[in-house]
Amino acid sequence: MRLAPLVVAVALGAGLMGAYVALGGTSYEPTPVADPCEPRPERPGDGSGERVELVLLAAADETACALGVSREDLVLALRSVDDLDALAQEEGRSRDELEQALRDGLERAVDEAEQDGLIGDRTAGVLGFAAERFPLGLLLSALRGASSFLN
Amino acid sequence: MGTRGRRGLVGLGIGLALADSSVVTLALPEILRRFDIEIPTVAWVLTSYNLVLALAAVPAAYAARRFPVSAFVVGTLVFAGASLLCGLATTFPLLVTGRCIQAVGGALLVCAALDLLTEVEGTDARAVRTWASAGIVGAALGPAAGGILTQTLGWESIFLVQAPLALVTLAAVRRLRNRPAPEPPGRPALSANLALLLVSGALTAALFLLVLLLVDGWRVPPAAAGLIVTVMPLAAIASGSHARRIGSSAVRAATGAILVAGGLAALGFLPGSGWGWTLVPQLLVGAGLGLALAALTERALEGRSPQAVHGGWTIAARHAGVVLGLLLLTPIFTTALDRNEDRALRAGAAAVIDSEIPPLDKLAVAQDVLALVRSADREVPDVREAFDDKPDEPAYAVLEETLVSELDRAVTAAFSRPFLLAAALALLGLVPIALSRRQVSV
């Protein structure tokens with residue numbers, strides 16, 4: 001009887017904590033980003049802008065998977081050459097390695113999109129040329145504004 | 001002046017001095033902006049007061065034992081003067097200096113108040129109950145009062161209002177004379193004071209972190225946040241008034257510590273970001289606060305003399321606990337906040353990339369959001385601003401809500417570990433409580 005308050009306190013504390021855990025308390029945190037090496041759900045590509053966007057997102061996945069980073073970290077690093085350098089340093093790679101991975105990823109994604117009929121020869125040619133020949137700074141600018149650049 | 005009047009005024013003095021350990025909690029975001037400093041630095045407005053109070057309490061208690069009336073008068077005058085200095089401080093070091101002086105005055109005032117209350121109440125037991133209750137109510141009401149004053153009159157008003165209120169309490173000692181305690185002080189109650197230290201450390205989390213979460217994390221206005229955290233002192237007062245039915249002081253102390261731990265653990269597992277989720281945990285923490293602090297103070301003073309000196313030890317233990325909580329939890333919290341900022345940025349980037357808005361607008365939204373994050377400079381940005389000039393279409397509304405939700409999730413999750421650590425501190429308090437029970441039984 002003397003210890004009844006202790007039992008009630010334990011029941012109240014554990015009960016409330018259990019209820020909050022059951023309501024999702026352990027998973028209420030930022031949504032984890034998807035693995036770039038895993039296929040993503042299909043998205044419709046109606047207009048030419050959307051189709052080019054799908055190619056670029058596929059390229060981002062290919063590159064991120066090859067580098068072992070998330071697609072989001074890579075996209076955030078595409079803001080500038082400096083951001084790309086910072087990502088290279090974080091991942092213990094050289095800028096040349098990152099640049100090559102970016103060009104390879106874009107080329108693979110363009111080839112696949114062309115094979116799947118998502119983009120035509122002309123668009124594939126322009127994207128392929130950019131991937132292979134553009135200096136890095138210009139390639140990043142082109143990727144950031146690709147839709148308007150190609151439309 | 002009658003007993004009730006003196007009791008009220010002395011209680012007001014105790015409440016003011018102990019409220020100061022938490023009164024500026026809701027003003028911290030404003031102070032941070034005013035002096036352009038970072039979270040670990042601004043925490044020194046709280047840490048300095050509690051640290052000096054912890055260090056000064058026992059020497060102040062020895063002084064109060066010899067000259068209780070003089071110590072109360074000097075303590076009150078120093079406290080009032082330093083409050084003015086804090087309110088008028090133009091630099092952060094000056095504010096912290098003012099807080100240190102305030103704490104010295106507060107230590108003298110609070111320790112002397114216990115001896116004065118013994119004279120006013122007639123018995124040690126009643127004096128201890130009044131003294132402990134005034135302290136708990138003051139400490140628990142502090143954040144709410146501070147929040148309301150900060151929003152209505154600015155953070156400086158917290159200190160400027162305290163000065164005249166403190167001076168009013170001097171009327172309580174009119175016609176009272178110094179009556180030095182004759183007996184030499186005995187050893188302090190180690191177990192009860194150690195338990196006080198640990199439970200107080202845990203309570204810091206309840207007050208400091210919860211207020212930061214509400215105001216800085218969930219963007220609740222300070223006055224509203226002040227009202228929300230009033231649940232805790234109300235629960236503390238309610239549980240304190242029924243405490244004596246619960247049984248021995250050891251059982252009350254242990255029950256209180258468990259309730260505090262349960263409430264804090266629930267705050268560590270919040271399933272959403274609305275303030276409503278904090279209400280039930282606050283009820284538990286408040287009820288635990290009312291039970292544990294009063295019972296442990298009683299145990300620390302029970303049968304010990306002189307009261308002022310042992311009261312000084314309890315003040316030292318409580319405020320050392322607050323300092324321990326602040327020093328332990330602040331770096332853990334700021335590290336978690338930095339880590340979650342990166343996670344939120346990634347989740348936000350994914351939300352923008354996968355959204356249904358036109359591809360070209362994704363770049364514009366992403367740039368606007370990133371600009372807000374950068375300009376926020378360690379504060380939580382209001383991402384809704386990035387959508388002010390965007391079309392009124394469902395795709396934009398969905399993206400806006402997703403980004404706000406990711407931010408809320410990141411901020412709320414950053415507080416999880418510090419709350420859980422604080423719950424562990426409260427549970428650790430059960431060890432000395434159990435030991436002190438055994439000592440009493442033996």
# chains A, B, ... in the order shown; residues from 1 in each chain; ligands from 1

call {"tool": "closest_atom_pairs", "arguments": {"of": "chain B", "to": "chain A", "cutoff": "8 Å", "atoms": "only C-alpha atoms", "output": "Markdown table"}}
result
| residue | atom | partner | partner_atom | distance |
| --- | --- | --- | --- | --- |
| B:Ile246 | CA | A:Pro5 | CA | 6.8 |
| B:Gly247 | CA | A:Arg2 | CA | 6.9 |
| B:Val251 | CA | A:Leu3 | CA | 7.1 |
| B:Arg252 | CA | A:Pro5 | CA | 7.8 |
| B:Ala254 | CA | A:Leu6 | CA | 7.0 |
| B:Thr255 | CA | A:Leu6 | CA | 5.0 |
| B:Gly256 | CA | A:Ala9 | CA | 7.8 |
| B:Ile258 | CA | A:Ala9 | CA | 6.1 |
| B:Leu259 | CA | A:Ala9 | CA | 5.5 |
| B:Ala261 | CA | A:Gly13 | CA | 7.3 |
| B:Gly262 | CA | A:Gly13 | CA | 3.8 |
| B:Gly263 | CA | A:Gly13 | CA | 6.2 |
| B:Ala265 | CA | A:Met17 | CA | 6.2 |
| B:Ala266 | CA | A:Met17 | CA | 4.5 |
| B:Gly268 | CA | A:Gly25 | CA | 7.9 |
| B:Phe269 | CA | A:Gly25 | CA | 4.3 |
| B:Leu270 | CA | A:Gly25 | CA | 4.9 |
| B:Pro271 | CA | A:Gly25 | CA | 3.9 |
| B:Gly272 | CA | A:Tyr28 | CA | 6.8 |
| B:Pro281 | CA | A:Leu16 | CA | 7.6 |
| B:Leu284 | CA | A:Gly13 | CA | 7.5 |
| B:Asn340 | CA | A:Pro30 | CA | 7.5 |
| B:Arg343 | CA | A:Pro30 | CA | 6.3 |
| B:Ala344 | CA | A:Pro30 | CA | 5.6 |
| B:Arg346 | CA | A:Glu72 | CA | 5.5 |
| B:Ala347 | CA | A:Thr31 | CA | 5.8 |
| B:Ala349 | CA | A:Glu72 | CA | 5.8 |
| B:Ala350 | CA | A:Glu72 | CA | 6.0 |
| B:Pro358 | CA | A:Glu50 | CA | 7.9 |
| B:Pro359 | CA | A:Glu50 | CA | 6.6 |
| B:Leu360 | CA | A:Ser147 | CA | 6.8 |
| B:Leu363 | CA | A:Arg144 | CA | 7.3 |
| B:Glu406 | CA | A:Pro30 | CA | 5.3 |
| B:Leu407 | CA | A:Pro30 | CA | 7.4 |
| B:Arg409 | CA | A:Glu29 | CA | 4.5 |
| B:Ala410 | CA | A:Pro30 | CA | 5.2 |
| B:Thr412 | CA | A:Glu29 | CA | 7.3 |
| B:Ala413 | CA | A:Glu29 | CA | 5.3 |

call {"tool": "write_last_selection", "arguments": {"atoms": "N, CA and C atoms", "output": "short mmCIF file (atom, residue, chain, number, x, y, z; two decimals), in the first residue's frame"}}
result
data_model
loop_
_atom_site.label_atom_id
_atom_site.label_comp_id
_atom_site.auth_asym_id
_atom_site.auth_seq_id
_atom_site.Cartn_x
_atom_site.Cartn_y
_atom_site.Cartn_z
N ILE B 246 0.30 11.35 0.31
CA ILE B 246 0.97 10.28 -0.43
C ILE B 246 1.84 9.40 0.46
N GLY B 247 2.27 9.88 1.59
CA GLY B 247 3.05 9.02 2.48
C GLY B 247 4.35 9.66 2.86
N VAL B 251 8.93 8.26 -0.34
CA VAL B 251 8.01 7.78 -1.38
C VAL B 251 7.57 8.95 -2.27
N ARG B 252 7.32 10.10 -1.65
CA ARG B 252 6.92 11.27 -2.44
C ARG B 252 8.04 11.70 -3.39
N ALA B 254 10.50 9.82 -4.58
CA ALA B 254 10.69 8.81 -5.64
C ALA B 254 9.55 8.90 -6.66
N THR B 255 8.31 9.06 -6.17
CA THR B 255 7.16 9.18 -7.07
C THR B 255 7.35 10.39 -7.99
N GLY B 256 7.79 11.50 -7.39
CA GLY B 256 8.02 12.72 -8.18
C GLY B 256 9.09 12.50 -9.24
N ILE B 258 10.02 9.77 -10.68
CA ILE B 258 9.52 8.86 -11.75
C ILE B 258 8.57 9.62 -12.68
N LEU B 259 7.71 10.46 -12.09
CA LEU B 259 6.79 11.24 -12.94
C LEU B 259 7.56 12.21 -13.84
N ALA B 261 10.63 11.82 -14.91
CA ALA B 261 11.30 11.00 -15.93
C ALA B 261 10.30 10.56 -17.02
N GLY B 262 9.11 10.15 -16.60
CA GLY B 262 8.09 9.70 -17.56
C GLY B 262 7.67 10.82 -18.50
N GLY B 263 7.45 12.00 -17.93
CA GLY B 263 7.05 13.15 -18.76
C GLY B 263 8.14 13.54 -19.73
N ALA B 265 10.56 11.58 -20.86
CA ALA B 265 10.73 10.53 -21.88
C ALA B 265 9.65 10.68 -22.96
N ALA B 266 8.43 11.03 -22.54
CA ALA B 266 7.36 11.23 -23.54
C ALA B 266 7.71 12.41 -24.45
N GLY B 268 10.59 13.15 -25.31
CA GLY B 268 11.63 12.63 -26.20
C GLY B 268 11.07 11.79 -27.33
N PHE B 269 9.79 11.42 -27.23
CA PHE B 269 9.17 10.61 -28.28
C PHE B 269 7.93 11.31 -28.84
N LEU B 270 8.01 12.61 -29.05
CA LEU B 270 6.84 13.35 -29.56
C LEU B 270 6.44 12.82 -30.94
N PRO B 271 5.16 12.47 -31.12
CA PRO B 271 4.75 11.95 -32.44
C PRO B 271 4.31 13.04 -33.40
N GLY B 272 4.36 14.30 -33.01
CA GLY B 272 3.95 15.40 -33.88
C GLY B 272 4.56 16.69 -33.39
N PRO B 281 2.64 15.41 -21.17
CA PRO B 281 3.96 15.28 -20.54
C PRO B 281 4.24 16.38 -19.51
N LEU B 284 2.70 15.60 -16.17
CA LEU B 284 3.50 14.63 -15.41
C LEU B 284 4.73 15.29 -14.80
N ASN B 340 20.48 17.45 -37.88
CA ASN B 340 19.15 17.39 -38.47
C ASN B 340 18.93 18.46 -39.52
N ARG B 343 19.92 16.78 -42.58
CA ARG B 343 18.90 15.79 -42.98
C ARG B 343 17.67 16.49 -43.55
N ALA B 344 17.29 17.61 -42.94
CA ALA B 344 16.12 18.35 -43.42
C ALA B 344 16.38 18.93 -44.81
N ARG B 346 18.34 17.67 -47.10
CA ARG B 346 18.25 16.55 -48.05
C ARG B 346 16.78 16.19 -48.30
N ALA B 347 16.00 16.09 -47.22
CA ALA B 347 14.58 15.72 -47.37
C ALA B 347 13.85 16.81 -48.15
N ALA B 349 15.22 18.85 -50.39
CA ALA B 349 15.65 18.75 -51.80
C ALA B 349 14.87 17.65 -52.50
N ALA B 350 14.69 16.51 -51.81
CA ALA B 350 13.93 15.39 -52.40
C ALA B 350 12.49 15.82 -52.67
N PRO B 358 6.12 22.78 -62.07
CA PRO B 358 6.88 22.75 -63.32
C PRO B 358 8.39 22.71 -63.06
N PRO B 359 9.14 21.95 -63.90
CA PRO B 359 10.57 21.76 -63.67
C PRO B 359 11.34 23.06 -63.46
N LEU B 360 11.04 24.08 -64.26
CA LEU B 360 11.80 25.33 -64.14
C LEU B 360 11.57 26.01 -62.79
N LEU B 363 13.74 24.91 -59.60
CA LEU B 363 15.01 25.59 -59.38
C LEU B 363 14.79 26.88 -58.57
N GLU B 406 8.77 18.74 -43.07
CA GLU B 406 10.14 18.21 -42.93
C GLU B 406 10.95 19.03 -41.93
N LEU B 407 10.74 20.34 -41.96
CA LEU B 407 11.45 21.22 -41.03
C LEU B 407 11.00 20.96 -39.58
N ARG B 409 9.73 18.23 -38.45
CA ARG B 409 10.24 16.91 -38.05
C ARG B 409 11.70 17.01 -37.62
N ALA B 410 12.49 17.76 -38.40
CA ALA B 410 13.92 17.88 -38.10
C ALA B 410 14.13 18.56 -36.74
N THR B 412 11.95 18.93 -34.20
CA THR B 412 11.41 18.15 -33.08
C THR B 412 12.34 16.98 -32.75
N ALA B 413 12.85 16.31 -33.80
CA ALA B 413 13.73 15.17 -33.57
C ALA B 413 15.04 15.59 -32.91
#

call {"tool": "residues_around", "arguments": {"residues": "Leu234 of chain B", "least_positions_apart": "4", "cutoff": "12 Å", "atoms": "only C-alpha atoms", "output": "PyMOL selection string"}}
result
chain B and resi 136-138+140-141+144+227-230+238-241+279+282-290

call {"tool": "select_by_dssp", "arguments": {"residues": "chain A", "states": "helix (DSSP H, G or I)", "output": "number ranges by chain"}}
result
A: 4-25, 48-67, 71-77, 81-90, 95-115, 121-133, 136-144, 146-150

call {"tool": "residues_around", "arguments": {"residues": "Ser94 of chain A", "least_positions_apart": "5", "cutoff": "8 Å", "atoms": "only C-alpha atoms", "output": "VMD selection string"}}
result
chain A and resid 85 88 to 89

call {"tool": "write_last_selection", "arguments": {"atoms": "all heavy atoms", "output": "mmCIF file, in the first residue's frame"}}
result
data_model
loop_
_atom_site.group_PDB
_atom_site.id
_atom_site.type_symbol
_atom_site.label_atom_id
_atom_site.label_comp_id
_atom_site.auth_asym_id
_atom_site.auth_seq_id
_atom_site.Cartn_x
_atom_site.Cartn_y
_atom_site.Cartn_z
ATOM 1 N N ASP A 85 33.234 20.845 -55.401
ATOM 2 C CA ASP A 85 34.541 20.602 -54.766
ATOM 3 C C ASP A 85 34.359 20.170 -53.310
ATOM 4 O O ASP A 85 35.047 19.269 -52.822
ATOM 5 C CB ASP A 85 35.405 21.871 -54.812
ATOM 6 C CG ASP A 85 36.079 22.037 -56.168
ATOM 7 O OD1 ASP A 85 36.139 21.044 -56.917
ATOM 8 O OD2 ASP A 85 36.529 23.159 -56.477
ATOM 9 N N ALA A 88 33.281 16.635 -53.201
ATOM 10 C CA ALA A 88 34.410 15.760 -53.535
ATOM 11 C C ALA A 88 35.298 15.578 -52.304
ATOM 12 O O ALA A 88 35.706 14.463 -51.969
ATOM 13 C CB ALA A 88 35.201 16.364 -54.695
ATOM 14 N N GLN A 89 35.538 16.687 -51.593
ATOM 15 C CA GLN A 89 36.389 16.624 -50.396
ATOM 16 C C GLN A 89 35.749 15.765 -49.307
ATOM 17 O O GLN A 89 36.411 14.946 -48.681
ATOM 18 C CB GLN A 89 36.617 18.042 -49.892
ATOM 19 C CG GLN A 89 37.856 18.151 -49.019
ATOM 20 C CD GLN A 89 38.145 19.604 -48.643
ATOM 21 O OE1 GLN A 89 37.455 20.524 -49.066
ATOM 22 N NE2 GLN A 89 39.171 19.784 -47.853
#

call {"tool": "closest_residue", "arguments": {"among": "B:Leu197, B:Leu153, B:Val383, B:Leu28", "to": "Val323 of chain B", "atoms": "only C-alpha atoms"}}
result
B:Leu197

call {"tool": "atom_distance", "arguments": {"atom1": "atom CA of Gly186 of chain B", "atom2": "atom CA of Tyr49 of chain B"}}
result
27.4 Å

call {"tool": "atom_distance", "arguments": {"atom1": "atom CA of Ala295 of chain B", "atom2": "atom CA of Asn193 of chain B"}}
result
11.2 Å

call {"tool": "residues_around", "arguments": {"residues": "Tyr62 of chain B", "least_positions_apart": "4", "cutoff": "9 Å", "atoms": "only C-alpha atoms", "output": "VMD selection string"}}
result
chain B and resid 57 to 58 66 to 67 111 185 308 to 309 312

call {"tool": "write_last_selection", "arguments": {"atoms": "N, CA, C and O atoms", "output": "PDB file, in the first residue's frame"}}
result
ATOM      1  N   ALA B  57      25.570  29.993  -2.405  1.00  0.00           N
ATOM      2  CA  ALA B  57      24.484  29.664  -1.468  1.00  0.00           C
ATOM      3  C   ALA B  57      24.994  29.289  -0.074  1.00  0.00           C
ATOM      4  O   ALA B  57      24.471  29.792   0.935  1.00  0.00           O
ATOM      5  N   VAL B  58      26.019  28.418   0.008  1.00  0.00           N
ATOM      6  CA  VAL B  58      26.467  27.967   1.339  1.00  0.00           C
ATOM      7  C   VAL B  58      27.163  29.093   2.111  1.00  0.00           C
ATOM      8  O   VAL B  58      26.802  29.347   3.281  1.00  0.00           O
ATOM      9  N   ARG B  66      24.151  34.078  11.010  1.00  0.00           N
ATOM     10  CA  ARG B  66      24.577  35.025  12.052  1.00  0.00           C
ATOM     11  C   ARG B  66      23.724  36.305  12.044  1.00  0.00           C
ATOM     12  O   ARG B  66      23.391  36.831  13.090  1.00  0.00           O
ATOM     13  N   PHE B  67      23.395  36.779  10.831  1.00  0.00           N
ATOM     14  CA  PHE B  67      22.655  38.058  10.739  1.00  0.00           C
ATOM     15  C   PHE B  67      21.504  37.911   9.727  1.00  0.00           C
ATOM     16  O   PHE B  67      21.589  38.453   8.619  1.00  0.00           O
ATOM     17  N   CYS B 111      18.547  32.390   1.470  1.00  0.00           N
ATOM     18  CA  CYS B 111      18.985  31.683   2.676  1.00  0.00           C
ATOM     19  C   CYS B 111      18.498  32.398   3.938  1.00  0.00           C
ATOM     20  O   CYS B 111      18.062  31.759   4.899  1.00  0.00           O
ATOM     21  N   PRO B 185      26.713  24.457  12.723  1.00  0.00           N
ATOM     22  CA  PRO B 185      26.019  23.664  11.713  1.00  0.00           C
ATOM     23  C   PRO B 185      26.533  22.231  11.640  1.00  0.00           C
ATOM     24  O   PRO B 185      27.734  21.987  11.766  1.00  0.00           O
ATOM     25  N   ALA B 308      19.032  27.746   8.079  1.00  0.00           N
ATOM     26  CA  ALA B 308      19.551  28.580   6.975  1.00  0.00           C
ATOM     27  C   ALA B 308      20.717  27.893   6.279  1.00  0.00           C
ATOM     28  O   ALA B 308      20.805  27.896   5.043  1.00  0.00           O
ATOM     29  N   VAL B 309      21.603  27.277   7.074  1.00  0.00           N
ATOM     30  CA  VAL B 309      22.784  26.646   6.473  1.00  0.00           C
ATOM     31  C   VAL B 309      22.370  25.440   5.629  1.00  0.00           C
ATOM     32  O   VAL B 309      22.826  25.277   4.483  1.00  0.00           O
ATOM     33  N   GLY B 312      20.761  26.503   2.597  1.00  0.00           N
ATOM     34  CA  GLY B 312      21.797  26.929   1.641  1.00  0.00           C
ATOM     35  C   GLY B 312      22.333  25.751   0.839  1.00  0.00           C
ATOM     36  O   GLY B 312      22.545  25.852  -0.371  1.00  0.00           O
TER      37      GLY B 312
END

call {"tool": "atom_distance", "arguments": {"atom1": "atom CA of Leu56 of chain A", "atom2": "atom CA of Glu107 of chain A"}}
result
10.2 Å

call {"tool": "closest_residue", "arguments": {"among": "B:Gly146, B:Gly226, B:Pro40, B:Gly87", "to": "Leu210 of chain B", "atoms": "only C-alpha atoms"}}
result
B:Gly226

call {"tool": "residues_around", "arguments": {"residues": "Ala316 of chain B", "least_positions_apart": "5", "cutoff": "10 Å", "atoms": "only C-alpha atoms", "output": "list of chain:residue names"}}
result
B:Asn50, B:Leu51, B:Val52, B:Leu53, B:Ala54, B:Leu55, B:Ala56, B:Ala57, B:Val58, B:Ala107, B:Asn193, B:Leu196, B:Leu197, B:His310, B:Gly311, B:Gly321, B:Val322

call {"tool": "write_last_selection", "arguments": {"atoms": "all heavy atoms", "output": "mmCIF file, in the first residue's frame"}}
result
data_model
loop_
_atom_site.group_PDB
_atom_site.id
_atom_site.type_symbol
_atom_site.label_atom_id
_atom_site.label_comp_id
_atom_site.auth_asym_id
_atom_site.auth_seq_id
_atom_site.Cartn_x
_atom_site.Cartn_y
_atom_site.Cartn_z
ATOM 1 N N ASN B 50 22.761 30.511 -12.331
ATOM 2 C CA ASN B 50 22.643 29.280 -11.553
ATOM 3 C C ASN B 50 23.979 28.846 -10.960
ATOM 4 O O ASN B 50 24.036 28.346 -9.839
ATOM 5 C CB ASN B 50 22.043 28.176 -12.429
ATOM 6 C CG ASN B 50 20.556 28.404 -12.648
ATOM 7 O OD1 ASN B 50 19.763 28.256 -11.724
ATOM 8 N ND2 ASN B 50 20.176 28.805 -13.851
ATOM 9 N N LEU B 51 25.067 29.050 -11.724
ATOM 10 C CA LEU B 51 26.396 28.664 -11.242
ATOM 11 C C LEU B 51 26.779 29.498 -10.023
ATOM 12 O O LEU B 51 27.206 28.961 -8.988
ATOM 13 C CB LEU B 51 27.421 28.849 -12.377
ATOM 14 C CG LEU B 51 28.853 28.447 -12.069
ATOM 15 C CD1 LEU B 51 28.954 26.962 -11.765
ATOM 16 C CD2 LEU B 51 29.772 28.776 -13.252
ATOM 17 N N VAL B 52 26.618 30.823 -10.120
ATOM 18 C CA VAL B 52 26.993 31.692 -8.999
ATOM 19 C C VAL B 52 26.074 31.439 -7.799
ATOM 20 O O VAL B 52 26.536 31.408 -6.655
ATOM 21 C CB VAL B 52 26.976 33.184 -9.428
ATOM 22 C CG1 VAL B 52 27.204 34.102 -8.236
ATOM 23 C CG2 VAL B 52 28.029 33.427 -10.499
ATOM 24 N N LEU B 53 24.790 31.194 -8.066
ATOM 25 C CA LEU B 53 23.860 30.900 -6.973
ATOM 26 C C LEU B 53 24.291 29.618 -6.254
ATOM 27 O O LEU B 53 24.294 29.545 -5.017
ATOM 28 C CB LEU B 53 22.437 30.752 -7.525
ATOM 29 C CG LEU B 53 21.278 30.737 -6.526
ATOM 30 C CD1 LEU B 53 21.310 31.957 -5.617
ATOM 31 C CD2 LEU B 53 19.939 30.688 -7.246
ATOM 32 N N ALA B 54 24.697 28.613 -7.039
ATOM 33 C CA ALA B 54 25.141 27.342 -6.447
ATOM 34 C C ALA B 54 26.394 27.554 -5.604
ATOM 35 O O ALA B 54 26.507 27.013 -4.506
ATOM 36 C CB ALA B 54 25.414 26.322 -7.555
ATOM 37 N N LEU B 55 27.336 28.364 -6.105
ATOM 38 C CA LEU B 55 28.591 28.578 -5.390
ATOM 39 C C LEU B 55 28.415 29.487 -4.173
ATOM 40 O O LEU B 55 29.085 29.316 -3.155
ATOM 41 C CB LEU B 55 29.632 29.207 -6.337
ATOM 42 C CG LEU B 55 30.118 28.305 -7.478
ATOM 43 C CD1 LEU B 55 30.998 29.103 -8.440
ATOM 44 C CD2 LEU B 55 30.886 27.113 -6.935
ATOM 45 N N ALA B 56 27.497 30.464 -4.286
ATOM 46 C CA ALA B 56 27.355 31.464 -3.216
ATOM 47 C C ALA B 56 26.388 31.019 -2.124
ATOM 48 O O ALA B 56 26.395 31.600 -1.025
ATOM 49 C CB ALA B 56 26.872 32.787 -3.816
ATOM 50 N N ALA B 57 25.570 29.993 -2.405
ATOM 51 C CA ALA B 57 24.484 29.664 -1.468
ATOM 52 C C ALA B 57 24.994 29.289 -0.074
ATOM 53 O O ALA B 57 24.471 29.792 0.935
ATOM 54 C CB ALA B 57 23.628 28.540 -2.054
ATOM 55 N N VAL B 58 26.019 28.418 0.008
ATOM 56 C CA VAL B 58 26.467 27.967 1.339
ATOM 57 C C VAL B 58 27.163 29.093 2.111
ATOM 58 O O VAL B 58 26.802 29.347 3.281
ATOM 59 C CB VAL B 58 27.336 26.695 1.219
ATOM 60 C CG1 VAL B 58 27.898 26.299 2.582
ATOM 61 C CG2 VAL B 58 26.494 25.554 0.636
ATOM 62 N N ALA B 107 21.225 34.614 -3.445
ATOM 63 C CA ALA B 107 21.655 33.587 -2.494
ATOM 64 C C ALA B 107 21.465 34.088 -1.056
ATOM 65 O O ALA B 107 20.930 33.374 -0.193
ATOM 66 C CB ALA B 107 23.116 33.227 -2.753
ATOM 67 N N ASN B 193 20.480 15.924 -0.943
ATOM 68 C CA ASN B 193 21.001 17.013 -1.786
ATOM 69 C C ASN B 193 21.469 16.511 -3.148
ATOM 70 O O ASN B 193 21.301 17.182 -4.165
ATOM 71 C CB ASN B 193 22.140 17.738 -1.058
ATOM 72 C CG ASN B 193 21.617 18.737 -0.040
ATOM 73 O OD1 ASN B 193 20.729 19.530 -0.357
ATOM 74 N ND2 ASN B 193 22.113 18.686 1.174
ATOM 75 N N LEU B 196 18.428 16.046 -5.139
ATOM 76 C CA LEU B 196 17.949 17.370 -5.575
ATOM 77 C C LEU B 196 18.725 17.848 -6.802
ATOM 78 O O LEU B 196 18.155 18.386 -7.749
ATOM 79 C CB LEU B 196 18.144 18.392 -4.453
ATOM 80 C CG LEU B 196 16.972 18.688 -3.542
ATOM 81 C CD1 LEU B 196 17.395 19.676 -2.465
ATOM 82 C CD2 LEU B 196 15.788 19.257 -4.302
ATOM 83 N N LEU B 197 20.051 17.618 -6.762
ATOM 84 C CA LEU B 197 20.910 18.036 -7.875
ATOM 85 C C LEU B 197 20.476 17.331 -9.178
ATOM 86 O O LEU B 197 20.299 17.976 -10.220
ATOM 87 C CB LEU B 197 22.364 17.704 -7.528
ATOM 88 C CG LEU B 197 23.457 18.138 -8.494
ATOM 89 C CD1 LEU B 197 24.742 18.444 -7.708
ATOM 90 C CD2 LEU B 197 23.792 17.104 -9.540
ATOM 91 N N HIS B 310 21.477 24.603 6.158
ATOM 92 C CA HIS B 310 21.062 23.425 5.385
ATOM 93 C C HIS B 310 20.169 23.822 4.206
ATOM 94 O O HIS B 310 20.193 23.169 3.169
ATOM 95 C CB HIS B 310 20.402 22.407 6.318
ATOM 96 C CG HIS B 310 21.390 21.831 7.274
ATOM 97 N ND1 HIS B 310 22.330 20.915 6.892
ATOM 98 C CD2 HIS B 310 21.638 22.118 8.577
ATOM 99 C CE1 HIS B 310 23.118 20.637 7.926
ATOM 100 N NE2 HIS B 310 22.712 21.351 8.960
ATOM 101 N N GLY B 311 19.423 24.917 4.399
ATOM 102 C CA GLY B 311 18.682 25.465 3.257
ATOM 103 C C GLY B 311 19.644 25.914 2.170
ATOM 104 O O GLY B 311 19.405 25.716 0.975
ATOM 105 N N GLY B 321 22.575 21.489 -10.044
ATOM 106 C CA GLY B 321 21.864 20.574 -10.951
ATOM 107 C C GLY B 321 21.430 21.281 -12.223
ATOM 108 O O GLY B 321 21.551 20.731 -13.325
ATOM 109 N N VAL B 322 20.932 22.515 -12.073
ATOM 110 C CA VAL B 322 20.519 23.282 -13.257
ATOM 111 C C VAL B 322 21.729 23.512 -14.171
ATOM 112 O O VAL B 322 21.648 23.343 -15.392
ATOM 113 C CB VAL B 322 19.875 24.632 -12.845
ATOM 114 C CG1 VAL B 322 19.554 25.475 -14.071
ATOM 115 C CG2 VAL B 322 18.627 24.397 -12.017
#

call {"tool": "decode", "arguments": {"residues": "segment 83-97 of chain A", "atoms": "C-alpha atoms", "output": "mmCIF file, in the first residue's frame"}}
result
data_model
loop_
_atom_site.group_PDB
_atom_site.id
_atom_site.type_symbol
_atom_site.label_atom_id
_atom_site.label_comp_id
_atom_site.auth_asym_id
_atom_site.auth_seq_id
_atom_site.Cartn_x
_atom_site.Cartn_y
_atom_site.Cartn_z
ATOM 1 C CA ASP A 83 29.891 23.149 -53.911
ATOM 2 C CA LEU A 84 30.986 20.252 -56.125
ATOM 3 C CA ASP A 85 34.541 20.602 -54.766
ATOM 4 C CA ALA A 86 33.171 20.522 -51.202
ATOM 5 C CA LEU A 87 31.275 17.289 -51.954
ATOM 6 C CA ALA A 88 34.410 15.760 -53.535
ATOM 7 C CA GLN A 89 36.389 16.624 -50.396
ATOM 8 C CA GLU A 90 33.707 15.163 -48.115
ATOM 9 C CA GLU A 91 33.711 11.914 -50.084
ATOM 10 C CA GLY A 92 37.525 11.735 -50.270
ATOM 11 C CA ARG A 93 37.598 12.013 -54.067
ATOM 12 C CA SER A 94 39.221 14.415 -56.499
ATOM 13 C CA ARG A 95 37.203 16.921 -58.512
ATOM 14 C CA ASP A 96 38.285 15.078 -61.699
ATOM 15 C CA GLU A 97 36.766 11.821 -60.407
#
